[in-house]
file query.pdb (PDB, C-alpha atoms)
MODEL        1
ATOM      1  CA  MET A   1     160.968 111.292 117.699
ATOM      2  CA  LYS A   2     157.254 111.274 118.391
ATOM      3  CA  ARG A   3     155.704 114.613 117.567
ATOM      4  CA  PRO A   4     153.434 116.300 120.089
ATOM      5  CA  ARG A   5     149.722 116.259 119.305
ATOM      6  CA  ASN A   6     146.735 118.095 120.640
ATOM      7  CA  ARG A   7     143.784 116.055 119.440
ATOM      8  CA  GLU A   8     141.297 118.458 121.043
ATOM      9  CA  LEU A   9     142.598 121.411 119.005
ATOM     10  CA  GLU A  10     142.987 119.259 115.875
ATOM     11  CA  ALA A  11     139.342 118.201 116.138
ATOM     12  CA  GLN A  12     138.274 121.860 116.082
ATOM     13  CA  LEU A  13     139.997 122.548 112.758
ATOM     14  CA  GLY A  14     137.371 123.070 110.092
ATOM     15  CA  ASP A  15     136.519 126.235 108.205
ATOM     16  CA  ASP A  16     137.247 128.739 110.967
ATOM     17  CA  PRO A  17     140.629 130.480 110.540
ATOM     18  CA  ALA A  18     140.638 131.394 114.246
ATOM     19  CA  ALA A  19     140.795 127.679 115.170
ATOM     20  CA  TYR A  20     143.874 127.316 112.970
ATOM     21  CA  LEU A  21     145.533 130.311 114.644
ATOM     22  CA  VAL A  22     144.886 128.800 118.089
ATOM     23  CA  TYR A  23     146.401 125.525 116.860
ATOM     24  CA  ALA A  24     149.360 127.424 115.351
ATOM     25  CA  ASP A  25     149.996 129.149 118.695
ATOM     26  CA  TRP A  26     149.954 125.777 120.433
ATOM     27  CA  LEU A  27     152.398 124.353 117.878
ATOM     28  CA  LEU A  28     154.704 127.351 118.325
ATOM     29  CA  SER A  29     154.754 126.705 122.081
ATOM     30  CA  GLN A  30     156.187 123.216 121.528
ATOM     31  CA  GLU A  31     159.927 122.645 121.660
ATOM     32  CA  ASP A  32     160.454 120.590 118.516
ATOM     33  CA  TRP A  33     161.455 122.045 115.138
ATOM     34  CA  TYR A  34     158.630 120.381 113.272
ATOM     35  CA  SER A  35     155.875 121.848 115.438
ATOM     36  CA  GLN A  36     157.400 125.304 115.302
ATOM     37  CA  ALA A  37     157.792 125.212 111.499
ATOM     38  CA  HIS A  38     154.234 123.945 111.099
ATOM     39  CA  GLY A  39     152.895 126.636 113.443
ATOM     40  CA  GLU A  40     154.736 129.340 111.488
ATOM     41  CA  LEU A  41     153.329 128.030 108.199
ATOM     42  CA  ILE A  42     149.757 127.886 109.495
ATOM     43  CA  GLY A  43     150.023 131.441 110.802
ATOM     44  CA  ALA A  44     151.459 132.798 107.547
ATOM     45  CA  GLN A  45     148.871 131.075 105.369
ATOM     46  CA  VAL A  46     145.892 132.029 107.539
ATOM     47  CA  ARG A  47     147.082 135.660 107.467
ATOM     48  CA  GLY A  48     147.374 135.412 103.664
ATOM     49  CA  ASP A  49     151.104 136.210 103.710
ATOM     50  CA  GLU A  50     152.096 134.181 100.638
ATOM     51  CA  ALA A  51     155.696 135.434 100.611
ATOM     52  CA  ALA A  52     156.261 134.359 104.216
ATOM     53  CA  ALA A  53     154.553 131.004 103.576
ATOM     54  CA  ALA A  54     156.734 130.342 100.512
ATOM     55  CA  LYS A  55     159.855 131.204 102.508
ATOM     56  CA  ILE A  56     158.827 128.877 105.346
ATOM     57  CA  LEU A  57     158.102 126.051 102.888
ATOM     58  CA  GLU A  58     161.494 126.535 101.245
ATOM     59  CA  GLU A  59     163.530 126.885 104.436
ATOM     60  CA  GLN A  60     161.660 124.301 106.511
ATOM     61  CA  ALA A  61     160.974 121.702 103.820
ATOM     62  CA  ASP A  62     162.818 118.968 105.731
ATOM     63  CA  TRP A  63     160.425 119.398 108.657
ATOM     64  CA  LEU A  64     157.216 120.010 106.715
ATOM     65  CA  ILE A  65     157.457 117.532 103.835
ATOM     66  CA  GLY A  66     160.089 115.126 105.110
ATOM     67  CA  GLU A  67     161.359 112.663 102.508
ATOM     68  CA  MET A  68     159.225 114.128  99.733
ATOM     69  CA  SER A  69     161.363 115.726  97.045
ATOM     70  CA  ASP A  70     161.646 114.764  93.382
ATOM     71  CA  GLY A  71     158.244 114.425  91.851
ATOM     72  CA  PHE A  72     156.345 115.936  94.802
ATOM     73  CA  ALA A  73     154.190 119.031  94.560
ATOM     74  CA  ALA A  74     151.349 120.218  96.756
ATOM     75  CA  THR A  75     148.579 122.720  97.141
ATOM     76  CA  TRP A  76     148.492 124.027 100.694
ATOM     77  CA  HIS A  77     145.622 125.434 102.749
ATOM     78  CA  TRP A  78     146.219 127.017 106.157
ATOM     79  CA  GLY A  79     149.344 124.977 106.850
ATOM     80  CA  PHE A  80     148.135 121.611 105.605
ATOM     81  CA  ILE A  81     148.544 119.776 102.322
ATOM     82  CA  GLU A  82     145.200 120.031 100.553
ATOM     83  CA  GLU A  83     146.289 118.187  97.406
ATOM     84  CA  ALA A  84     149.447 116.131  96.938
ATOM     85  CA  ARG A  85     150.719 115.475  93.429
ATOM     86  CA  LEU A  86     153.285 112.729  92.912
ATOM     87  CA  GLY A  87     154.916 112.328  89.525
ATOM     88  CA  ILE A  88     152.916 115.059  87.777
ATOM     89  CA  GLU A  89     155.299 118.015  87.354
ATOM     90  CA  GLU A  90     158.261 115.609  87.192
ATOM     91  CA  PRO A  91     158.561 111.832  87.634
ATOM     92  CA  CYS A  92     158.688 110.424  91.152
ATOM     93  CA  TRP A  93     161.720 108.143  91.453
ATOM     94  CA  ILE A  94     160.774 106.784  94.894
ATOM     95  CA  ASP A  95     158.649 103.647  94.715
ATOM     96  CA  GLN A  96     154.909 104.130  95.227
ATOM     97  CA  SER A  97     154.556 102.325  98.538
ATOM     98  CA  THR A  98     157.526 104.086 100.183
ATOM     99  CA  VAL A  99     156.536 107.583  99.077
ATOM    100  CA  LEU A 100     152.887 107.157 100.093
ATOM    101  CA  LYS A 101     153.859 105.716 103.476
ATOM    102  CA  ALA A 102     156.082 108.755 104.087
ATOM    103  CA  LEU A 103     153.378 111.143 102.846
ATOM    104  CA  PHE A 104     150.659 109.664 105.063
ATOM    105  CA  LYS A 105     152.922 109.978 108.133
ATOM    106  CA  LEU A 106     153.325 113.733 107.676
ATOM    107  CA  GLY A 107     151.429 115.888 110.143
ATOM    108  CA  THR A 108     150.934 118.378 107.320
ATOM    109  CA  ALA A 109     149.064 115.682 105.317
ATOM    110  CA  LYS A 110     146.476 114.883 107.995
ATOM    111  CA  ARG A 111     143.835 117.019 106.263
ATOM    112  CA  MET A 112     144.744 116.117 102.664
ATOM    113  CA  ASP A 113     141.616 115.525 100.612
ATOM    114  CA  SER A 114     143.085 114.992  97.138
ATOM    115  CA  LEU A 115     145.866 112.746  95.858
ATOM    116  CA  VAL A 116     147.071 112.737  92.260
ATOM    117  CA  LEU A 117     149.421 109.964  91.139
ATOM    118  CA  GLY A 118     151.418 110.411  87.954
ATOM    119  CA  ASP A 119     154.640 108.830  86.748
ATOM    120  CA  PHE A 120     156.766 106.541  88.918
ATOM    121  CA  GLY A 121     159.908 104.713  87.920
ATOM    122  CA  ASP A 122     163.663 104.495  87.980
ATOM    123  CA  GLU A 123     165.732 107.367  86.641
ATOM    124  CA  ASP A 124     167.096 104.980  84.022
ATOM    125  CA  ASP A 125     163.662 104.027  82.672
ATOM    126  CA  ASP A 126     163.422 104.589  78.941
ATOM    127  CA  TYR A 127     159.777 105.458  78.496
ATOM    128  CA  GLU A 128     159.967 105.063  74.732
ATOM    129  CA  ASP A 129     160.535 101.326  75.155
ATOM    130  CA  VAL A 130     157.739 100.731  77.655
ATOM    131  CA  ASP A 131     154.911  98.447  76.643
ATOM    132  CA  ALA A 132     152.346 101.239  77.039
ATOM    133  CA  SER A 133     151.193 100.079  80.472
ATOM    134  CA  ALA A 134     151.669 101.146  84.067
ATOM    135  CA  SER A 135     150.715  99.654  87.392
ATOM    136  CA  TYR A 136     149.467 101.524  90.435
ATOM    137  CA  GLU A 137     148.822  98.360  92.438
ATOM    138  CA  ASP A 138     151.512  99.210  95.018
ATOM    139  CA  ALA A 139     149.955 102.629  95.583
ATOM    140  CA  ILE A 140     146.457 101.200  96.016
ATOM    141  CA  GLU A 141     147.780  98.504  98.365
ATOM    142  CA  ARG A 142     149.586 101.146 100.486
ATOM    143  CA  ILE A 143     146.399 103.225 100.724
ATOM    144  CA  ALA A 144     144.511 100.116 101.876
ATOM    145  CA  LYS A 145     147.146  99.309 104.526
ATOM    146  CA  THR A 146     147.413 102.803 106.002
ATOM    147  CA  LYS A 147     146.334 102.728 109.651
ATOM    148  CA  VAL A 148     145.085 106.319 109.785
ATOM    149  CA  PRO A 149     144.552 107.526 106.230
ATOM    150  CA  PRO A 150     144.003 111.188 105.417
ATOM    151  CA  PRO A 151     140.408 112.155 104.612
ATOM    152  CA  LEU A 152     140.799 111.672 100.860
ATOM    153  CA  LYS A 153     137.801 112.610  98.772
ATOM    154  CA  ARG A 154     139.565 112.366  95.432
ATOM    155  CA  LEU A 155     142.159 109.976  94.013
ATOM    156  CA  VAL A 156     143.339 110.686  90.471
ATOM    157  CA  ILE A 157     145.633 108.445  88.459
ATOM    158  CA  ARG A 158     147.183 110.517  85.702
ATOM    159  CA  PRO A 159     150.310 109.151  83.978
ATOM    160  CA  THR A 160     151.889 112.012  82.033
ATOM    161  CA  ARG A 161     155.181 110.942  80.448
ATOM    162  CA  MET A 162     153.825 108.484  77.954
ATOM    163  CA  PRO A 163     150.541 107.751  76.282
ATOM    164  CA  LEU A 164     149.327 104.730  78.197
ATOM    165  CA  LEU A 165     147.017 102.188  76.775
ATOM    166  CA  ASN A 166     146.689 100.117  79.937
ATOM    167  CA  VAL A 167     146.702 101.263  83.581
ATOM    168  CA  THR A 168     146.473  98.604  86.286
ATOM    169  CA  VAL A 169     145.229  99.620  89.714
ATOM    170  CA  GLY A 170     144.505  96.231  91.248
ATOM    171  CA  ASP A 171     141.698  95.583  93.741
ATOM    172  CA  LEU A 172     140.233  98.939  94.790
ATOM    173  CA  GLY A 173     137.842  97.441  97.345
ATOM    174  CA  PRO A 174     140.172  97.434 100.412
ATOM    175  CA  ALA A 175     141.456 100.944  99.648
ATOM    176  CA  LEU A 176     137.953 102.340  99.221
ATOM    177  CA  GLU A 177     136.838 100.739 102.489
ATOM    178  CA  ARG A 178     139.656 102.586 104.302
ATOM    179  CA  PHE A 179     137.932 105.802 103.282
ATOM    180  CA  GLY A 180     134.428 104.624 104.139
ATOM    181  CA  GLN A 181     133.467 103.893 100.536
ATOM    182  CA  LYS A 182     132.179 100.765  98.867
ATOM    183  CA  LEU A 183     132.987  99.635  95.364
ATOM    184  CA  ARG A 184     129.810  99.850  93.308
ATOM    185  CA  GLU A 185     129.093  97.307  90.641
ATOM    186  CA  PRO A 186     128.278  98.780  87.193
TER     187      PRO A 186
ENDMDL
END

call {"tool": "encode", "arguments": {"input": "query.pdb", "output": "structure tokens"}}
result
Amino acid sequence: MKRPRNRELEAQLGDDPAAYLVYADWLLSQEDWYSQAHGELIGAQVRGDEAAAAKILEEQADWLIGEMSDGFAATWHWGFIEEARLGIEEPCWIDQSTVLKALFKLGTAKRMDSLVLGDFGDEDDDYEDVDASASYEDAIERIAKTKVPPPLKRLVIRPTRMPLLNVTVGDLGPALERFGQKLREP
């Protein structure tokens, strides 16, 4: 199901809480569950009602964070994911490309400015037998392929479950270009 959008109201979202409340009211007037849950969350967070926001996030998680579950954590600001953390608090068992594709499709991630990537792998991975290396090439490739990426200002790669000697990220150039950046030569 295609979710309703109001690009005019979305474009007005910035630092003014009143703009978020107008957008929340518009979302609440829509007939789909996602829009209503998102509108409720925006309203609660703008009002500073942390208890209500936590309850909405818990009860409406399927609508607000979709397929994200194991290994996903977020910092929220006025109804939107400000920072997404994958594989930091606990390993993310969904492959990098799939989880990032799902994350970037979320309406709640449209204003995300920070992404932290930690540990990815199968539940059966024995991290004691790993060759002290990890690859984030799939994640970087997914970022580069995303049609409408969030306005990321910060990408952190932080493996946590094992002391890594070698982290492979692949070619950063295409991913950086998606965010209006150029790779600078040292």

call {"tool": "residues_around", "arguments": {"input": "query.pdb", "residues": "range 26-36 of chain A", "least_positions_apart": "5", "cutoff": "9 Å", "atoms": "all atoms listed in the file", "output": "list in words"}}
result
Arg3, Pro4, Arg5, Asn6, Leu9, Leu21, Leu41, Gln60, Asp62, Trp63 and Leu64 of chain A

call {"tool": "closest_residue", "arguments": {"input": "query.pdb", "among": "A:Ala11, A:Val148, A:Ile65, A:Ala84", "to": "Leu115 in chain A", "atoms": "only C-alpha atoms"}}
result
A:Ala84

call {"tool": "atom_distance", "arguments": {"input": "query.pdb", "atom1": "CA of Gln12 in chain A", "atom2": "CA of Trp78 in chain A"}}
result
13.7 Å

call {"tool": "closest_residue", "arguments": {"input": "query.pdb", "among": "A:Ala74, A:Gly107, A:Asp138, A:Ser114", "to": "Asp95 in chain A", "atoms": "all atoms listed in the file"}}
result
A:Asp138

call {"tool": "closest_residue", "arguments": {"input": "query.pdb", "among": "A:Ile157, A:Leu117, A:Ala109, A:Ala54", "to": "Arg85 in chain A", "atoms": "only C-alpha atoms"}}
result
A:Leu117

call {"tool": "residues_near_point", "arguments": {"input": "query.pdb", "point": "(149.4, 121.3, 106.5)", "cutoff": "12 Å", "atoms": "all atoms listed in the file", "output": "PyMOL selection string"}}
result
chain A and resi 10+13+20+23-24+34-35+37-46+53+57+61+63-65+74-84+103-113+150

call {"tool": "atom_distance", "arguments": {"input": "query.pdb", "atom1": "CA of Ile143 in chain A", "atom2": "CA of Ser97 in chain A"}}
result
8.5 Å

call {"tool": "residues_near_point", "arguments": {"input": "query.pdb", "point": "(156.9, 119.6, 89.5)", "cutoff": "8 Å", "atoms": "only C-alpha atoms", "output": "list of chain:residue names"}}
result
A:Asp70, A:Gly71, A:Phe72, A:Ala73, A:Gly87, A:Ile88, A:Glu89, A:Glu90

call {"tool": "atom_distance", "arguments": {"input": "query.pdb", "atom1": "CA of Phe120 in chain A", "atom2": "CA of Ile140 in chain A"}}
result
13.6 Å

call {"tool": "residues_around", "arguments": {"input": "query.pdb", "residues": "Ala139 in chain A", "least_positions_apart": "6", "cutoff": "12 Å", "atoms": "only C-alpha atoms", "output": "number ranges by chain"}}
result
A: 86, 94-101, 103-104, 115-120, 145-146, 155-157, 168-172, 175

call {"tool": "closest_residue", "arguments": {"input": "query.pdb", "among": "A:Pro159, A:Pro91, A:Pro17, A:Gly48", "to": "Tyr136 in chain A", "atoms": "only C-alpha atoms"}}
result
A:Pro159

call {"tool": "closest_residue", "arguments": {"input": "query.pdb", "among": "A:Val22, A:Ser135, A:Thr160, A:Ala144", "to": "Glu8 in chain A", "atoms": "all atoms listed in the file"}}
result
A:Val22

call {"tool": "axis_aligned_box", "arguments": {"input": "query.pdb", "around": "range 48-58 of chain A", "padding_each_side": "4 Å", "output": "JSON"}}
result
{"center_x": 154.4, "center_y": 131.1, "center_z": 102.9, "size_x": 22.1, "size_y": 18.2, "size_z": 12.8}

call {"tool": "build_atoms", "arguments": {"input": "query.pdb", "residues": "range 40-60 of chain A", "atoms": "N, CA, C and O atoms", "output": "PDB file, keeping the file's coordinate frame"}}
result
ATOM      1  N   GLU A  40     154.405 128.152 112.285  1.00  0.00           N
ATOM      2  CA  GLU A  40     154.736 129.340 111.488  1.00  0.00           C
ATOM      3  C   GLU A  40     154.012 129.315 110.145  1.00  0.00           C
ATOM      4  O   GLU A  40     153.485 130.334 109.690  1.00  0.00           O
ATOM      5  N   LEU A  41     153.982 128.151 109.495  1.00  0.00           N
ATOM      6  CA  LEU A  41     153.329 128.030 108.199  1.00  0.00           C
ATOM      7  C   LEU A  41     151.826 128.268 108.309  1.00  0.00           C
ATOM      8  O   LEU A  41     151.247 129.005 107.498  1.00  0.00           O
ATOM      9  N   ILE A  42     151.194 127.672 109.304  1.00  0.00           N
ATOM     10  CA  ILE A  42     149.757 127.886 109.495  1.00  0.00           C
ATOM     11  C   ILE A  42     149.474 129.373 109.668  1.00  0.00           C
ATOM     12  O   ILE A  42     148.592 129.938 109.009  1.00  0.00           O
ATOM     13  N   GLY A  43     150.234 130.018 110.549  1.00  0.00           N
ATOM     14  CA  GLY A  43     150.023 131.441 110.802  1.00  0.00           C
ATOM     15  C   GLY A  43     150.171 132.278 109.545  1.00  0.00           C
ATOM     16  O   GLY A  43     149.339 133.143 109.253  1.00  0.00           O
ATOM     17  N   ALA A  44     151.224 132.028 108.777  1.00  0.00           N
ATOM     18  CA  ALA A  44     151.459 132.798 107.547  1.00  0.00           C
ATOM     19  C   ALA A  44     150.340 132.590 106.539  1.00  0.00           C
ATOM     20  O   ALA A  44     149.852 133.543 105.922  1.00  0.00           O
ATOM     21  N   GLN A  45     149.906 131.342 106.364  1.00  0.00           N
ATOM     22  CA  GLN A  45     148.871 131.075 105.369  1.00  0.00           C
ATOM     23  C   GLN A  45     147.501 131.596 105.807  1.00  0.00           C
ATOM     24  O   GLN A  45     146.742 132.092 104.980  1.00  0.00           O
ATOM     25  N   VAL A  46     147.176 131.498 107.073  1.00  0.00           N
ATOM     26  CA  VAL A  46     145.892 132.029 107.539  1.00  0.00           C
ATOM     27  C   VAL A  46     145.867 133.549 107.371  1.00  0.00           C
ATOM     28  O   VAL A  46     144.851 134.119 106.979  1.00  0.00           O
ATOM     29  N   ARG A  47     147.001 134.200 107.637  1.00  0.00           N
ATOM     30  CA  ARG A  47     147.082 135.660 107.467  1.00  0.00           C
ATOM     31  C   ARG A  47     147.133 136.068 105.996  1.00  0.00           C
ATOM     32  O   ARG A  47     147.038 137.244 105.678  1.00  0.00           O
ATOM     33  N   GLY A  48     147.307 135.100 105.087  1.00  0.00           N
ATOM     34  CA  GLY A  48     147.374 135.412 103.664  1.00  0.00           C
ATOM     35  C   GLY A  48     148.724 135.953 103.231  1.00  0.00           C
ATOM     36  O   GLY A  48     148.842 136.551 102.163  1.00  0.00           O
ATOM     37  N   ASP A  49     149.757 135.729 104.024  1.00  0.00           N
ATOM     38  CA  ASP A  49     151.104 136.210 103.710  1.00  0.00           C
ATOM     39  C   ASP A  49     151.814 135.155 102.862  1.00  0.00           C
ATOM     40  O   ASP A  49     152.566 134.326 103.367  1.00  0.00           O
ATOM     41  N   GLU A  50     151.555 135.194 101.549  1.00  0.00           N
ATOM     42  CA  GLU A  50     152.096 134.181 100.638  1.00  0.00           C
ATOM     43  C   GLU A  50     153.616 134.180 100.581  1.00  0.00           C
ATOM     44  O   GLU A  50     154.236 133.123 100.470  1.00  0.00           O
ATOM     45  N   ALA A  51     154.225 135.355 100.658  1.00  0.00           N
ATOM     46  CA  ALA A  51     155.696 135.434 100.611  1.00  0.00           C
ATOM     47  C   ALA A  51     156.305 134.739 101.830  1.00  0.00           C
ATOM     48  O   ALA A  51     157.260 133.970 101.698  1.00  0.00           O
ATOM     49  N   ALA A  52     155.749 135.002 103.004  1.00  0.00           N
ATOM     50  CA  ALA A  52     156.261 134.359 104.216  1.00  0.00           C
ATOM     51  C   ALA A  52     156.030 132.852 104.157  1.00  0.00           C
ATOM     52  O   ALA A  52     156.906 132.064 104.533  1.00  0.00           O
ATOM     53  N   ALA A  53     154.848 132.430 103.673  1.00  0.00           N
ATOM     54  CA  ALA A  53     154.553 131.004 103.576  1.00  0.00           C
ATOM     55  C   ALA A  53     155.521 130.307 102.620  1.00  0.00           C
ATOM     56  O   ALA A  53     156.033 129.224 102.927  1.00  0.00           O
ATOM     57  N   ALA A  54     155.796 130.923 101.479  1.00  0.00           N
ATOM     58  CA  ALA A  54     156.734 130.342 100.512  1.00  0.00           C
ATOM     59  C   ALA A  54     158.127 130.223 101.121  1.00  0.00           C
ATOM     60  O   ALA A  54     158.820 129.217 100.925  1.00  0.00           O
ATOM     61  N   LYS A  55     158.537 131.228 101.860  1.00  0.00           N
ATOM     62  CA  LYS A  55     159.855 131.204 102.508  1.00  0.00           C
ATOM     63  C   LYS A  55     159.923 130.084 103.544  1.00  0.00           C
ATOM     64  O   LYS A  55     160.911 129.353 103.622  1.00  0.00           O
ATOM     65  N   ILE A  56     158.866 129.943 104.334  1.00  0.00           N
ATOM     66  CA  ILE A  56     158.827 128.877 105.346  1.00  0.00           C
ATOM     67  C   ILE A  56     158.884 127.511 104.665  1.00  0.00           C
ATOM     68  O   ILE A  56     159.638 126.630 105.078  1.00  0.00           O
ATOM     69  N   LEU A  57     158.090 127.331 103.599  1.00  0.00           N
ATOM     70  CA  LEU A  57     158.102 126.051 102.888  1.00  0.00           C
ATOM     71  C   LEU A  57     159.472 125.738 102.311  1.00  0.00           C
ATOM     72  O   LEU A  57     159.909 124.586 102.321  1.00  0.00           O
ATOM     73  N   GLU A  58     160.154 126.747 101.814  1.00  0.00           N
ATOM     74  CA  GLU A  58     161.494 126.535 101.245  1.00  0.00           C
ATOM     75  C   GLU A  58     162.514 126.237 102.333  1.00  0.00           C
ATOM     76  O   GLU A  58     163.286 125.288 102.235  1.00  0.00           O
ATOM     77  N   GLU A  59     162.516 127.026 103.388  1.00  0.00           N
ATOM     78  CA  GLU A  59     163.530 126.885 104.436  1.00  0.00           C
ATOM     79  C   GLU A  59     163.274 125.716 105.377  1.00  0.00           C
ATOM     80  O   GLU A  59     164.199 125.169 105.955  1.00  0.00           O
ATOM     81  N   GLN A  60     162.015 125.350 105.548  1.00  0.00           N
ATOM     82  CA  GLN A  60     161.660 124.301 106.511  1.00  0.00           C
ATOM     83  C   GLN A  60     161.153 123.026 105.832  1.00  0.00           C
ATOM     84  O   GLN A  60     160.471 122.227 106.463  1.00  0.00           O
TER      85      GLN A  60
END
